[in-house]
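Have a look at work15.txt below; it lists compact mmCIF, C-alpha atoms.
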# COMPACT_ATOMS: atom_id res chain seq x y z
CA MET A 1 -11.86 6.23 -7.85
CA VAL A 2 -9.76 3.12 -8.40
CA GLN A 3 -9.97 0.00 -6.27
CA ALA A 4 -8.41 -3.45 -6.33
CA SER A 5 -11.28 -5.93 -6.37
CA ARG A 6 -10.71 -9.14 -4.44
CA SER A 7 -13.94 -10.52 -5.95
CA ASN A 8 -13.05 -9.86 -9.58
CA LEU A 9 -9.24 -10.05 -9.14
CA SER A 10 -8.75 -6.84 -11.09
CA LEU A 11 -8.44 -3.09 -10.78
CA GLU A 12 -11.74 -1.25 -11.24
CA ASN A 13 -12.33 2.39 -12.14
CA TYR A 14 -15.42 4.24 -10.86
CA ALA A 15 -16.56 7.73 -11.87
CA ASN A 16 -19.61 10.02 -11.88
CA PHE A 17 -20.53 9.83 -8.22
CA SER A 18 -22.37 13.17 -8.26
CA GLY A 19 -25.64 11.63 -9.49
CA LEU A 20 -25.74 8.84 -6.92
CA THR A 21 -28.28 8.83 -4.14
CA CYS A 22 -27.46 7.58 -0.68
CA GLY A 23 -27.43 3.78 -0.81
CA GLY A 24 -27.51 3.77 -4.62
CA ALA A 25 -25.71 1.05 -6.57
CA VAL A 26 -22.50 1.85 -8.39
CA ASN A 27 -20.89 -0.15 -11.18
CA ALA A 28 -17.32 -0.04 -12.40
CA ASP A 29 -16.82 1.97 -15.58
CA PHE A 30 -14.03 -0.39 -16.63
CA PRO A 31 -11.77 -3.04 -15.09
CA SER A 32 -8.25 -4.20 -15.80
CA SER A 33 -7.62 -7.75 -16.89
CA ALA A 34 -8.13 -10.30 -14.08
CA ASP A 35 -4.44 -10.74 -13.23
CA LEU A 36 -4.58 -10.68 -9.44
CA MET A 37 -4.85 -13.51 -6.90
CA SER A 38 -5.33 -11.74 -3.54
CA PRO A 39 -4.98 -7.97 -3.95
CA ARG A 40 -4.45 -6.01 -0.75
CA GLU A 41 -3.84 -2.35 -1.51
CA ILE A 42 -2.99 0.08 -4.28
CA THR A 43 -0.87 3.19 -4.48
CA VAL A 44 -0.54 5.64 -7.34
CA LEU A 45 2.37 7.67 -8.66
CA GLY A 46 1.76 9.61 -11.87
CA ASP A 47 0.10 7.29 -14.38
CA ARG A 48 1.24 4.14 -12.56
CA VAL A 49 -0.99 2.14 -10.23
CA VAL A 50 0.85 -0.41 -8.08
CA VAL A 51 -1.06 -3.29 -6.46
CA SER A 52 0.27 -5.40 -3.58
CA ASP A 53 -0.88 -9.01 -3.91
CA ASN A 54 -0.50 -11.28 -0.91
CA GLY A 55 -1.59 -14.43 -2.76
CA LYS A 56 1.27 -14.44 -5.23
CA LYS A 57 3.65 -12.26 -3.17
CA LYS A 58 3.87 -9.82 -6.07
CA PHE A 59 3.60 -6.20 -7.01
CA TYR A 60 1.59 -5.53 -10.15
CA VAL A 61 2.28 -2.26 -11.96
CA TYR A 62 -0.40 -0.93 -14.29
CA CYS A 63 -0.39 2.11 -16.57
CA TYR A 64 -3.62 4.11 -16.29
CA ASP A 65 -4.57 6.40 -19.19
CA GLY A 66 -7.98 7.58 -17.95
CA SER A 67 -9.96 4.95 -19.86
CA SER A 68 -8.03 1.70 -19.32
CA PHE A 69 -5.46 -0.14 -17.24
CA LYS A 70 -2.57 -1.91 -18.93
CA LEU A 71 -0.40 -4.33 -16.96
CA VAL A 72 3.20 -3.29 -17.60
CA ASN A 73 5.22 -5.16 -14.94
CA THR A 74 5.02 -7.80 -12.23
CA PHE A 75 7.60 -8.18 -9.48
CA ASP A 76 8.01 -11.09 -7.09
CA ILE A 77 8.91 -10.21 -3.52
CA ASN A 78 10.01 -12.53 -0.72
CA CYS A 79 7.45 -11.52 1.92
CA ASN A 80 3.70 -11.28 2.46
CA LEU A 81 2.37 -7.85 1.58
CA LEU A 82 -0.39 -5.61 2.82
CA GLY A 83 -0.52 -1.81 2.76
CA ILE A 84 1.65 0.18 0.34
CA THR A 85 2.32 3.84 -0.31
CA PHE A 86 4.74 6.10 -2.14
CA MET A 87 6.90 8.63 -0.32
CA GLY A 88 8.21 10.54 -3.31
CA ASP A 89 9.88 7.88 -5.48
CA ARG A 90 10.29 5.58 -2.48
CA HIS A 91 7.85 2.69 -2.34
CA VAL A 92 6.99 1.63 1.22
CA ALA A 93 5.28 -1.71 1.87
CA VAL A 94 3.88 -3.20 5.06
CA VAL A 95 5.29 -6.68 5.74
CA ASP A 96 2.35 -8.77 6.95
CA ASN A 97 2.43 -10.33 10.43
CA THR A 98 5.23 -7.96 11.54
CA SER A 99 5.90 -4.39 12.59
CA ASP A 100 8.23 -4.01 9.59
CA LEU A 101 8.26 -1.83 6.52
CA ALA A 102 10.05 -2.80 3.30
CA ILE A 103 11.44 0.22 1.44
CA SER A 104 12.40 0.33 -2.23
CA GLU A 105 14.23 3.41 -3.51
CA ASP A 106 13.29 4.77 -6.95
CA PHE A 107 10.74 1.98 -7.34
CA LEU A 108 9.33 2.95 -10.74
CA THR A 109 12.70 4.05 -12.15
CA ASN A 110 14.53 0.86 -11.18
CA THR A 111 11.82 -1.61 -12.13
CA LYS A 112 11.74 -1.67 -15.90
CA THR A 113 11.62 -5.45 -16.42
CA ASP A 114 9.69 -8.21 -14.69
CA GLY A 115 11.39 -10.39 -12.11
CA THR A 116 12.21 -10.47 -8.45
CA ILE A 117 12.55 -7.18 -6.62
CA ALA A 118 14.69 -6.84 -3.54
CA THR A 119 13.91 -4.12 -1.07
CA ASP A 120 16.66 -1.63 -0.31
CA GLU A 121 15.88 -1.63 3.38
CA GLN A 122 13.57 -3.31 5.88
CA ILE A 123 13.00 -1.56 9.19
CA THR A 124 11.03 -2.34 12.33
CA ILE A 125 8.74 0.34 13.72
CA GLN A 126 8.97 0.55 17.49
CA GLY A 127 5.68 0.36 19.35
CA ILE A 128 3.74 -1.40 16.59
CA VAL A 129 2.68 -5.05 16.92
CA ARG A 130 1.18 -5.95 13.54
CA THR A 131 0.72 -3.17 11.03
CA HIS A 132 -1.72 -3.38 8.11
CA GLY A 133 -2.63 -0.01 6.64
CA ILE A 134 -0.30 2.79 5.61
CA ASP A 135 -0.67 6.16 3.91
CA TYR A 136 1.62 9.14 3.44
CA SER A 137 0.82 12.84 3.06
CA GLU A 138 3.70 14.51 1.26
CA ALA A 139 2.27 17.99 1.89
CA ASP A 140 2.27 17.42 5.66
CA ASP A 141 5.18 14.93 5.78
CA ILE A 142 3.08 12.58 7.91
CA LEU A 143 2.96 8.82 7.64
CA MET A 144 -0.14 7.15 9.12
CA MET A 145 -0.12 3.45 10.01
CA THR A 146 -2.76 1.16 11.46
CA ASP A 147 -1.82 -1.53 13.95
CA ILE A 148 -4.21 -4.43 14.45
CA GLY A 149 -2.20 -5.52 17.48
CA ASP A 150 -3.09 -8.94 18.80
CA ALA A 151 -5.64 -10.37 16.35
CA ALA A 152 -7.26 -12.28 19.22
CA ASP A 153 -7.86 -9.08 21.25
CA ALA A 154 -10.23 -6.51 19.72
CA ASN A 155 -8.96 -3.82 22.12
CA THR A 156 -5.40 -3.67 20.77
CA ASP A 157 -6.09 -1.79 17.51
CA GLU A 158 -4.34 1.58 17.20
CA VAL A 159 -3.52 4.24 14.64
CA PHE A 160 -0.02 5.71 14.63
CA ARG A 161 1.00 9.08 13.22
CA LEU A 162 4.68 9.35 12.42
CA SER A 163 5.98 12.84 11.73
CA LYS A 164 9.33 14.01 10.41
CA THR A 165 9.37 10.92 8.25
CA SER A 166 12.64 11.91 6.60
CA VAL A 167 14.27 9.92 9.43
CA LEU A 168 12.63 6.82 7.94
CA TYR A 169 15.67 6.21 5.80
CA GLY A 170 18.63 4.82 7.65
CA VAL A 171 17.38 5.53 11.17
CA LEU A 172 14.86 3.60 13.23
CA LEU A 173 11.70 5.63 13.65
CA LYS A 174 10.68 6.91 17.04
CA THR A 175 6.89 7.02 17.06
CA GLU A 176 4.79 9.64 18.69
CA GLU A 177 2.18 8.46 21.15
CA PRO A 178 -0.42 6.37 19.31
CA LEU A 179 -3.65 8.14 18.55
CA THR A 180 -6.33 6.79 20.83
CA LEU A 181 -8.74 5.58 18.17
CA GLN A 182 -10.49 2.28 18.45
CA ILE A 183 -11.20 0.65 15.11
CA LYS A 184 -14.41 -1.33 15.19
Taking this structure as input, can you express it in the form of structure tokens?
Amino acid sequence: MVQASRSNLSLENYANFSGLTCGGAVNADFPSSADLMSPREITVLGDRVVVSDNGKKKFYVYCYDGSSFKLVNTFDINCNLLGITFMGDRHVAVVDNTSDLAISEDFLTNTKTDGTIATDEQITIQGIVRTHGIDYSEADDILMMTDIGDAADANTDEVFRLSKTSVLYGVLLKTEEPLTLQIK
């Protein structure tokens, strides 16, 4: 398991969960260097681990070889970031405080040197107030998104399931009815 630690400002790798007892302590097997300021989420494609960092408005790209993380690129972006996922080679990022997604085509292929990265497209998802989390299942072609709604109203949280996500590119998504899950 890999996580972005907001306490240690690094990626951390955890293994060997089979010997743990319920409530047992777990320690990271190894961390990356402490490069991050306010990490939000990670996504993985092949041997690359991408971290969204809201503090520096950056993507950090690490190479993972099974026993270490090596920072290979950093990319500035002009918006606050939260959840991220890959849809094939497409990198999809949640734009904080909006119902928007920022999409970058061929993210790992087109990002060989550090610098500023521009998204290829930014779209608004109808029916979502303020999205945070995002994950994609390629096998099922389903994109899941969490909506915190109005931060002042605990009853506005929802989870959205978007199917037939191939329409994500170039066409505004039509969402299915939100799943009626309350996140507490």
Check which residues of range 13-131 of chain A sit at most 12 Å from range 148-157 of chain A using only C-alpha atoms, and return one row each with the closest pair of atoms and their distance in Å to one decimal, ordered by chain and rising number, as a tab-separated table.
residue	atom	partner	partner_atom	distance
A:Asp96	CA	A:Ile148	CA	10.9
A:Asn97	CA	A:Gly149	CA	9.7
A:Thr98	CA	A:Gly149	CA	9.8
A:Ser99	CA	A:Gly149	CA	9.5
A:Gly127	CA	A:Gly149	CA	10.0
A:Ile128	CA	A:Gly149	CA	7.3
A:Val129	CA	A:Gly149	CA	4.9
A:Arg130	CA	A:Gly149	CA	5.2
A:Thr131	CA	A:Ile148	CA	6.1
* Asked: Residues at most 7 Å from range 7-10 of chain A, counting all atoms listed in the file, excluding those fewer than 5 positions away in the same chain, as a VMD selection string?
  -> chain A and resid 31 to 37
Edge lengths and centre in Å, axis-aligned, range 80-88 of chain A plus 4 Å each side, as JSON:
{"center_x": 3.8, "center_y": -0.4, "center_z": -0.2, "size_x": 16.7, "size_y": 29.8, "size_z": 14.1}
* CA of Asp100 in chain A and CA of Glu41 in chain A are how many Å apart? ->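 So the answer is 16.5 Å.
Relative to CA of Asp65 in chain A, CA of Leu20 in chain A is found at 24.6 Å.
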Distance query Lys57 in chain A at most 10 Å, all atoms listed in the file, self and fewer than 4 positions along chain excluded, as an mmCIF file with C-alpha atoms, in the coordinates of the input:
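Saved the output as around39.cif:
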data_model
loop_
_atom_site.group_PDB
_atom_site.id
_atom_site.type_symbol
_atom_site.label_atom_id
_atom_site.label_comp_id
_atom_site.auth_asym_id
_atom_site.auth_seq_id
_atom_site.Cartn_x
_atom_site.Cartn_y
_atom_site.Cartn_z
ATOM 1 C CA MET A 37 -4.850 -13.510 -6.900
ATOM 2 C CA SER A 38 -5.330 -11.740 -3.540
ATOM 3 C CA PRO A 39 -4.980 -7.970 -3.950
ATOM 4 C CA SER A 52 0.270 -5.400 -3.580
ATOM 5 C CA ASP A 53 -0.880 -9.010 -3.910
ATOM 6 C CA PHE A 75 7.600 -8.180 -9.480
ATOM 7 C CA ASP A 76 8.010 -11.090 -7.090
ATOM 8 C CA ILE A 77 8.910 -10.210 -3.520
ATOM 9 C CA ASN A 78 10.010 -12.530 -0.720
ATOM 10 C CA CYS A 79 7.450 -11.520 1.920
ATOM 11 C CA ASN A 80 3.700 -11.280 2.460
ATOM 12 C CA LEU A 81 2.370 -7.850 1.580
ATOM 13 C CA LEU A 82 -0.390 -5.610 2.820
#
* Rank nothing, just name the residue among A:Ser137, A:Gln122, A:Thr85, A:Asn13 nearest to Ala102 in chain A, using all atoms listed in the file. => A:Gln122
* Asked: Suppose you want the space between CA of Ile142 in chain A and CA of Asp89 in chain A; what is it in Å?
  -> 15.7 Å
* To do: Mind checking which residues fall within 7 Å of Tyr62 in chain A, counting all atoms listed in the file, ignoring those fewer than 6 positions away in the same chain, and posting them as a ChimeraX atom specification?
  => /A:48-50,69-72
* Asked: If you count only C-alpha atoms, which residues fall within 12 Å of Leu45 in chain A, apart from same-chain ones fewer than 4 positions away, as number ranges by chain?
  -> A: 49-51, 61-64, 84-91, 106-109
* Expected residue set, 7 Å radius at (7.5, -5.5, -9.0), all atoms listed in the file, as a ChimeraX atom specification -> /A:58-61,73-76,111,114-117
* To do: Have a look at A:Ile42, A:Ile103, A:Ala15, A:Met1 and name the one nearest to Asp135 in chain A; count all atoms listed in the file.
  =>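 Using all atoms listed in the file, Asp135 in chain A sits closest to A:Ile42.
With all atoms listed in the file as the atoms that count, the residue of A:Thr119, A:Gln3, A:Glu105, A:Asn16 with the shortest distance to Thr43 in chain A is A:Gln3.
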Which residues come within 7 Å of Gly133 in chain A, counting only C-alpha atoms, excluding same-chain residues fewer than 3 positions away, as a PDB file with C-alpha atoms, in the frame of the given file?
ATOM      1  CA  GLY A  83      -0.520  -1.810   2.760  1.00  0.00           C
ATOM      2  CA  MET A 145      -0.120   3.450  10.010  1.00  0.00           C
ATOM      3  CA  THR A 146      -2.760   1.160  11.460  1.00  0.00           C
TER       4      THR A 146
END
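With only C-alpha atoms as the atoms that count, the residue of A:Gly19, A:Ala93, A:Asp140, A:Ser68 with the shortest distance to Asn54 in chain A is A:Ala93.
For the choices A:Leu101, A:Ala118, A:Val2, A:Ile125, the atom-to-atom distance to Asn27 in chain A is smallest for A:Val2 when using only C-alpha atoms.
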* Could you check which of A:Tyr14, A:Gly66, A:Ser104, A:Thr124 is closest to Val26 in chain A, using all atoms listed in the file? =>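 Looking only at the distances to Val26 in chain A, the closest residue turns out to be A:Tyr14.
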